[in-house]
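Peer 1: Mind having a look at this structure? Questions to follow.
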Amino acid sequence: AQSVTQLGSHVSVSEGALVLLRCNYSSSVPPYLFWYVQYPNQGLQLLLKYTSAATLVKGINGFEAEFKKSETSFHLTKPSAHMSDAAEYFCAVSEGGTSYGKLTFGQGTILTVHP
Amino acid sequence: DGGITQSPKYLFRKEGQNVTLSCEQNLNHDAMYWYRQDPGQGLRLIYYSQIVNDFQKGDIAEGYSVSREKKESFPLTVTSAQKNPTAFYLCASRSGDRTYGYTFGSGTRLTVV
């Protein structure tokens, strides 16, 4: 069975500061990993994904994430926060291999950016 | 442009009523999913369908029903048996290539009045 844990339901940073959102996963097979962003009353938008190619993945809006197998982590970072980054972020895992594989989502982390 | 359309965006239900949420996609995706979102609880899977005329229960299927008569459409009915239906409902779809992840609709907010 697969699972995702996002450490910290709320993260608050100042504008221009580093953003770090933590995600740890559990999977019995090599995983596919995703980060999504959700703005209020909207659907989820894909930020970036890891699908067994490069371990450092770059996404939209200046975000990136690094897959660390030894730590079973896929933390999301951005060097300098903007006010527009305030949103809820979800980490998700899908089983790799030949399974059709549903996505399992973490509980979400709400990012607040202060001026 | 291809995408997923959910309607209506806001829906109000009286107690004891059944309501149906619409989800239509023109992405030619095989798989479709319904999630319920409540504050602090992330996304919980209600039902999913990998092919027309077939669907499976997710983690919280009680009080909900679905149909998949067409590849493009996956409506969700919230029945009177669902005791706490007030929530944000999200529909998603995915192609056969799992590396693309899901594409989401913009959601329907259901409120019981």
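Here, A, B, ... name the chains of the structure tokens in the order displayed, residue numbers run from 1 inside each chain, and ligands are numbered from 1 in the same displayed order.
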Env of range 68-83 of chain B: 6 Å cut, atoms = only C-alpha atoms, seq-sep filter 2 positions within chain, self excluded. Answer as a ChimeraX atom specification.
Peer 2: /B:16-25,52-53,63-66,85
Peer 1: Identify every residue of chain A that has at least one atom within 7 Å of any atom of chain B, counting only C-alpha atoms, and report the result as a short mmCIF file (atom, residue, chain, number, x, y, z; two decimals) with all heavy atoms, in the first residue's frame.
Peer 2:
data_model
loop_
_atom_site.label_atom_id
_atom_site.label_comp_id
_atom_site.auth_asym_id
_atom_site.auth_seq_id
_atom_site.Cartn_x
_atom_site.Cartn_y
_atom_site.Cartn_z
N GLN A 42 -10.83 26.45 -6.25
CA GLN A 42 -10.42 25.99 -7.58
C GLN A 42 -9.98 24.54 -7.52
O GLN A 42 -9.81 23.97 -6.44
CB GLN A 42 -9.29 26.87 -8.12
CG GLN A 42 -9.68 28.30 -8.37
CD GLN A 42 -8.58 29.09 -9.05
OE1 GLN A 42 -7.71 28.52 -9.74
NE2 GLN A 42 -8.59 30.39 -8.88
N GLY A 43 -9.77 23.97 -8.69
CA GLY A 43 -9.24 22.62 -8.74
C GLY A 43 -7.75 22.61 -8.49
O GLY A 43 -7.14 23.63 -8.19
N LEU A 44 -7.15 21.41 -8.61
CA LEU A 44 -5.71 21.27 -8.40
C LEU A 44 -4.98 21.40 -9.72
O LEU A 44 -5.43 20.89 -10.75
CB LEU A 44 -5.40 19.89 -7.78
CG LEU A 44 -5.54 19.77 -6.27
CD1 LEU A 44 -6.98 19.94 -5.82
CD2 LEU A 44 -4.97 18.44 -5.80
N THR A 51 9.10 10.94 -12.28
CA THR A 51 8.67 9.67 -12.87
C THR A 51 9.86 8.81 -13.24
O THR A 51 9.89 8.18 -14.29
CB THR A 51 7.80 9.93 -14.11
OG1 THR A 51 8.55 10.72 -15.05
CG2 THR A 51 6.53 10.66 -13.76
N PHE A 105 -3.15 11.04 -2.03
CA PHE A 105 -2.77 12.40 -1.71
C PHE A 105 -2.42 12.55 -0.23
O PHE A 105 -3.00 11.87 0.63
CB PHE A 105 -3.91 13.36 -2.05
CG PHE A 105 -4.13 13.55 -3.52
CD1 PHE A 105 -4.93 12.67 -4.23
CD2 PHE A 105 -3.52 14.59 -4.19
CE1 PHE A 105 -5.13 12.83 -5.59
CE2 PHE A 105 -3.72 14.76 -5.56
CZ PHE A 105 -4.51 13.88 -6.26
N GLY A 106 -1.52 13.48 0.05
CA GLY A 106 -1.28 13.89 1.42
C GLY A 106 -2.39 14.80 1.90
O GLY A 106 -3.30 15.14 1.14
N GLN A 107 -2.29 15.20 3.17
CA GLN A 107 -3.35 16.01 3.77
C GLN A 107 -3.30 17.46 3.34
O GLN A 107 -4.24 18.22 3.61
CB GLN A 107 -3.24 15.94 5.29
CG GLN A 107 -3.42 14.54 5.85
CD GLN A 107 -4.81 14.01 5.59
OE1 GLN A 107 -5.09 13.41 4.55
NE2 GLN A 107 -5.71 14.23 6.53
N GLY A 108 -2.25 17.87 2.70
CA GLY A 108 -2.14 19.24 2.22
C GLY A 108 -1.39 20.15 3.19
O GLY A 108 -1.42 19.93 4.41
#
Peer 1: With only C-alpha atoms as the atoms that count, which of B:Ser93, B:Phe55, B:Ser7, B:Ala87 lies nearest to Thr111 in chain B?
Peer 2: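 Among B:Ser93, B:Phe55, B:Ser7, B:Ala87, it is B:Ala87 that comes nearest to Thr111 in chain B.
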Peer 1: At a cut-off of 9 Å, using only C-alpha atoms, what residues contact Asp85 in chain A? Leave out same-chain residues fewer than 5 positions from it and give the result as a list in words.
Peer 2: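 Contacts, with the query itself left out: Asn61, Leu111, Thr112 and Val113 of chain A.
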Peer 1: Can I get the selected residues back with C-alpha atoms, as a tab-separated table (two decimals), in the first residue's frame?
Peer 2:
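Output file part-v5.tsv is given in full below:
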chain	number	residue	atom	x	y	z
A	61	ASN	CA	6.37	29.15	-10.99
A	111	LEU	CA	1.32	28.20	2.56
A	112	THR	CA	0.92	31.76	3.83
A	113	VAL	CA	3.23	34.48	2.53
Peer 1: For CA of Val93 in chain A and CA of Asp30 in chain B, determine how far apart the two atoms are, in Å to one decimal place.
Peer 2: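 Going from CA of Val93 in chain A over to CA of Asp30 in chain B, I get 19.4 Å.
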Peer 1: Would you mind reading off the distance between CA of Ala53 in chain A and CA of Gly3 in chain B, one decimal, in Å?
Peer 2: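 These two atoms are separated by 26.7 Å.
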Peer 1: Env of range 1-6 of chain A: 6 Å cut, atoms = only C-alpha atoms, seq-sep filter 2 positions within chain, self excluded. Answer as a count of residues only.
Peer 2: 7
Peer 1: Using only C-alpha atoms, determine which residues lie at most 7 Å from Leu20 in chain A, disregarding the query and same-chain residues fewer than 5 positions distant; provide the list as a PyMOL selection string.
Peer 2: chain A and resi 75-78
Peer 1: Only N, CA and C atoms, please: the residues just picked out, written as a CSV table (one decimal), in the first residue's frame.
Peer 2:
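For reference, selection_14.csv as written:
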chain,number,residue,atom,x,y,z
A,75,HIS,N,10.6,16.6,-1.1
A,75,HIS,CA,10.3,18.0,-0.6
A,75,HIS,C,10.2,19.0,-1.7
A,76,LEU,N,9.3,20.0,-1.5
A,76,LEU,CA,9.1,21.0,-2.5
A,76,LEU,C,9.8,22.3,-2.0
A,77,THR,N,10.5,23.0,-2.9
A,77,THR,CA,11.2,24.2,-2.5
A,77,THR,C,11.1,25.3,-3.6
A,78,LYS,N,11.3,26.5,-3.1
A,78,LYS,CA,11.3,27.7,-4.0
A,78,LYS,C,12.2,28.7,-3.3
Peer 1: Distance CA of Asn84 in chain B-CA of Val112 in chain B, one decimal place?
Peer 2: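 Computing the Euclidean distance for CA of Asn84 in chain B and CA of Val112 in chain B yields 8.3 Å.
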Peer 1: Could you pull out the strand (DSSP E) residues of range 33-108 of chain A, going by DSSP on the backbone, and write them as a ChimeraX atom specification?
Peer 2: /A:33-38,44-50,56-58,64-68,73-78,87-95,103-105
Peer 1: Using N, CA and C atoms, can you write the selected residues to a file as an mmCIF file, in the first residue's frame?
Peer 2:
data_model
loop_
_atom_site.group_PDB
_atom_site.id
_atom_site.type_symbol
_atom_site.label_atom_id
_atom_site.label_comp_id
_atom_site.auth_asym_id
_atom_site.auth_seq_id
_atom_site.Cartn_x
_atom_site.Cartn_y
_atom_site.Cartn_z
ATOM 1 N N LEU A 33 5.820 10.473 -8.236
ATOM 2 C CA LEU A 33 5.488 11.470 -7.225
ATOM 3 C C LEU A 33 5.100 12.787 -7.876
ATOM 4 N N PHE A 34 4.130 13.457 -7.282
ATOM 5 C CA PHE A 34 3.582 14.677 -7.863
ATOM 6 C C PHE A 34 3.387 15.724 -6.763
ATOM 7 N N TRP A 35 3.517 16.978 -7.149
ATOM 8 C CA TRP A 35 3.086 18.098 -6.324
ATOM 9 C C TRP A 35 2.039 18.880 -7.104
ATOM 10 N N TYR A 36 0.924 19.179 -6.388
ATOM 11 C CA TYR A 36 -0.148 19.985 -6.953
ATOM 12 C C TYR A 36 -0.342 21.225 -6.094
ATOM 13 N N VAL A 37 -0.878 22.286 -6.721
ATOM 14 C CA VAL A 37 -1.221 23.509 -6.004
ATOM 15 C C VAL A 37 -2.709 23.779 -6.199
ATOM 16 N N GLN A 38 -3.341 24.281 -5.132
ATOM 17 C CA GLN A 38 -4.762 24.609 -5.198
ATOM 18 C C GLN A 38 -5.000 25.996 -4.633
ATOM 19 N N LEU A 44 -7.148 21.411 -8.611
ATOM 20 C CA LEU A 44 -5.713 21.270 -8.399
ATOM 21 C C LEU A 44 -4.980 21.396 -9.719
ATOM 22 N N GLN A 45 -3.824 22.046 -9.647
ATOM 23 C CA GLN A 45 -2.995 22.251 -10.834
ATOM 24 C C GLN A 45 -1.644 21.582 -10.602
ATOM 25 N N LEU A 46 -1.168 20.847 -11.585
ATOM 26 C CA LEU A 46 0.104 20.147 -11.442
ATOM 27 C C LEU A 46 1.267 21.136 -11.427
ATOM 28 N N LEU A 47 2.113 21.039 -10.386
ATOM 29 C CA LEU A 47 3.310 21.874 -10.283
ATOM 30 C C LEU A 47 4.515 21.184 -10.922
ATOM 31 N N LEU A 48 4.721 19.924 -10.530
ATOM 32 C CA LEU A 48 5.850 19.162 -11.050
ATOM 33 C C LEU A 48 5.645 17.688 -10.720
ATOM 34 N N LYS A 49 6.514 16.845 -11.314
ATOM 35 C CA LYS A 49 6.366 15.406 -11.104
ATOM 36 C C LYS A 49 7.712 14.714 -11.218
ATOM 37 N N TYR A 50 7.844 13.601 -10.526
ATOM 38 C CA TYR A 50 8.992 12.715 -10.636
ATOM 39 C C TYR A 50 8.492 11.370 -11.167
ATOM 40 N N LEU A 56 16.219 15.589 -9.493
ATOM 41 C CA LEU A 56 15.876 16.986 -9.221
ATOM 42 C C LEU A 56 14.932 17.446 -10.320
ATOM 43 N N VAL A 57 13.734 17.791 -9.922
ATOM 44 C CA VAL A 57 12.687 18.104 -10.881
ATOM 45 C C VAL A 57 12.312 19.580 -10.770
ATOM 46 N N LYS A 58 12.255 20.249 -11.894
ATOM 47 C CA LYS A 58 11.846 21.655 -11.912
ATOM 48 C C LYS A 58 10.418 21.749 -12.432
ATOM 49 N N GLU A 64 10.783 23.642 -7.369
ATOM 50 C CA GLU A 64 11.490 22.427 -7.706
ATOM 51 C C GLU A 64 11.397 21.451 -6.536
ATOM 52 N N ALA A 65 11.684 20.180 -6.817
ATOM 53 C CA ALA A 65 11.635 19.156 -5.780
ATOM 54 C C ALA A 65 12.706 18.122 -6.079
ATOM 55 N N GLU A 66 13.221 17.512 -5.026
ATOM 56 C CA GLU A 66 14.256 16.501 -5.180
ATOM 57 C C GLU A 66 13.777 15.173 -4.620
ATOM 58 N N PHE A 67 13.861 14.138 -5.432
ATOM 59 C CA PHE A 67 13.510 12.786 -5.008
ATOM 60 C C PHE A 67 14.719 12.174 -4.311
ATOM 61 N N LYS A 68 14.524 11.782 -3.050
ATOM 62 C CA LYS A 68 15.588 11.131 -2.280
ATOM 63 C C LYS A 68 15.079 9.769 -1.822
ATOM 64 N N SER A 73 11.706 10.772 0.503
ATOM 65 C CA SER A 73 11.191 12.136 0.562
ATOM 66 C C SER A 73 11.098 12.759 -0.822
ATOM 67 N N PHE A 74 10.275 13.768 -0.918
ATOM 68 C CA PHE A 74 10.085 14.521 -2.168
ATOM 69 C C PHE A 74 9.663 15.932 -1.767
ATOM 70 N N HIS A 75 10.571 16.644 -1.124
ATOM 71 C CA HIS A 75 10.266 17.972 -0.598
ATOM 72 C C HIS A 75 10.214 19.025 -1.699
ATOM 73 N N LEU A 76 9.316 19.961 -1.549
ATOM 74 C CA LEU A 76 9.111 21.036 -2.539
ATOM 75 C C LEU A 76 9.794 22.305 -2.040
ATOM 76 N N THR A 77 10.540 22.967 -2.912
ATOM 77 C CA THR A 77 11.235 24.194 -2.518
ATOM 78 C C THR A 77 11.075 25.274 -3.568
ATOM 79 N N LYS A 78 11.255 26.512 -3.085
ATOM 80 C CA LYS A 78 11.326 27.670 -3.974
ATOM 81 C C LYS A 78 12.238 28.673 -3.295
ATOM 82 N N ALA A 87 -1.243 29.511 -1.159
ATOM 83 C CA ALA A 87 -2.178 28.510 -1.677
ATOM 84 C C ALA A 87 -2.036 27.263 -0.809
ATOM 85 N N GLU A 88 -2.771 26.215 -1.173
ATOM 86 C CA GLU A 88 -2.597 24.920 -0.531
ATOM 87 C C GLU A 88 -1.871 23.991 -1.496
ATOM 88 N N TYR A 89 -0.946 23.225 -0.959
ATOM 89 C CA TYR A 89 -0.097 22.356 -1.769
ATOM 90 C C TYR A 89 -0.290 20.902 -1.338
ATOM 91 N N PHE A 90 -0.416 20.048 -2.342
ATOM 92 C CA PHE A 90 -0.637 18.625 -2.086
ATOM 93 C C PHE A 90 0.467 17.800 -2.746
ATOM 94 N N CYS A 91 1.004 16.875 -1.976
ATOM 95 C CA CYS A 91 1.925 15.877 -2.493
ATOM 96 C C CYS A 91 1.118 14.611 -2.770
ATOM 97 N N ALA A 92 1.457 13.881 -3.832
ATOM 98 C CA ALA A 92 0.719 12.671 -4.175
ATOM 99 C C ALA A 92 1.675 11.610 -4.704
ATOM 100 N N VAL A 93 1.330 10.342 -4.476
ATOM 101 C CA VAL A 93 2.152 9.226 -4.931
ATOM 102 C C VAL A 93 1.293 8.259 -5.740
ATOM 103 N N SER A 94 1.887 7.736 -6.782
ATOM 104 C CA SER A 94 1.230 6.716 -7.599
ATOM 105 C C SER A 94 2.186 5.556 -7.744
ATOM 106 N N GLU A 95 1.693 4.351 -7.712
ATOM 107 C CA GLU A 95 2.552 3.206 -7.898
ATOM 108 C C GLU A 95 3.069 3.159 -9.320
ATOM 109 N N LEU A 103 -3.774 7.734 -7.624
ATOM 110 C CA LEU A 103 -2.973 8.667 -6.846
ATOM 111 C C LEU A 103 -3.466 8.668 -5.404
ATOM 112 N N THR A 104 -2.536 8.667 -4.472
ATOM 113 C CA THR A 104 -2.853 8.851 -3.066
ATOM 114 C C THR A 104 -2.299 10.207 -2.644
ATOM 115 N N PHE A 105 -3.145 11.036 -2.035
ATOM 116 C CA PHE A 105 -2.767 12.402 -1.709
ATOM 117 C C PHE A 105 -2.422 12.551 -0.232
#
Peer 1: Give me, as a PyMOL selection string, all polymer residues having an atom no more than 8 Å from Met83 in chain A, counting only C-alpha atoms and skipping those fewer than 6 positions away in the same chain.
Peer 2: chain A and resi 15+113-115
Peer 1: Take the residues that were just selected and, keeping all heavy atoms, output them as a tab-separated table (two decimals), in the first residue's frame.
Peer 2:
chain	number	residue	atom	x	y	z
A	15	GLU	N	7.74	37.23	2.35
A	15	GLU	CA	8.01	37.40	0.92
A	15	GLU	C	9.51	37.49	0.70
A	15	GLU	O	10.22	38.21	1.43
A	15	GLU	CB	7.32	38.67	0.41
A	15	GLU	CG	7.29	38.79	-1.10
A	15	GLU	CD	6.45	39.96	-1.58
A	15	GLU	OE1	6.19	40.87	-0.76
A	15	GLU	OE2	6.03	39.96	-2.74
A	113	VAL	N	2.09	33.63	2.81
A	113	VAL	CA	3.23	34.48	2.53
A	113	VAL	C	2.94	35.88	3.08
A	113	VAL	O	1.96	36.52	2.68
A	113	VAL	CB	3.51	34.56	1.01
A	113	VAL	CG1	4.75	35.43	0.75
A	113	VAL	CG2	3.71	33.16	0.44
A	114	HIS	N	3.81	36.34	3.97
A	114	HIS	CA	3.64	37.66	4.59
A	114	HIS	C	4.47	38.71	3.86
A	114	HIS	O	5.58	38.42	3.42
A	114	HIS	CB	4.08	37.60	6.04
A	114	HIS	CG	3.24	36.70	6.88
A	114	HIS	ND1	1.95	37.01	7.25
A	114	HIS	CD2	3.50	35.48	7.41
A	114	HIS	CE1	1.45	36.04	7.99
A	114	HIS	NE2	2.36	35.08	8.10
A	115	PRO	N	3.94	39.94	3.75
A	115	PRO	CA	4.70	41.01	3.08
A	115	PRO	C	5.99	41.34	3.82
A	115	PRO	O	6.08	41.17	5.04
A	115	PRO	CB	3.74	42.21	3.11
A	115	PRO	CG	2.42	41.67	3.45
A	115	PRO	CD	2.62	40.36	4.19
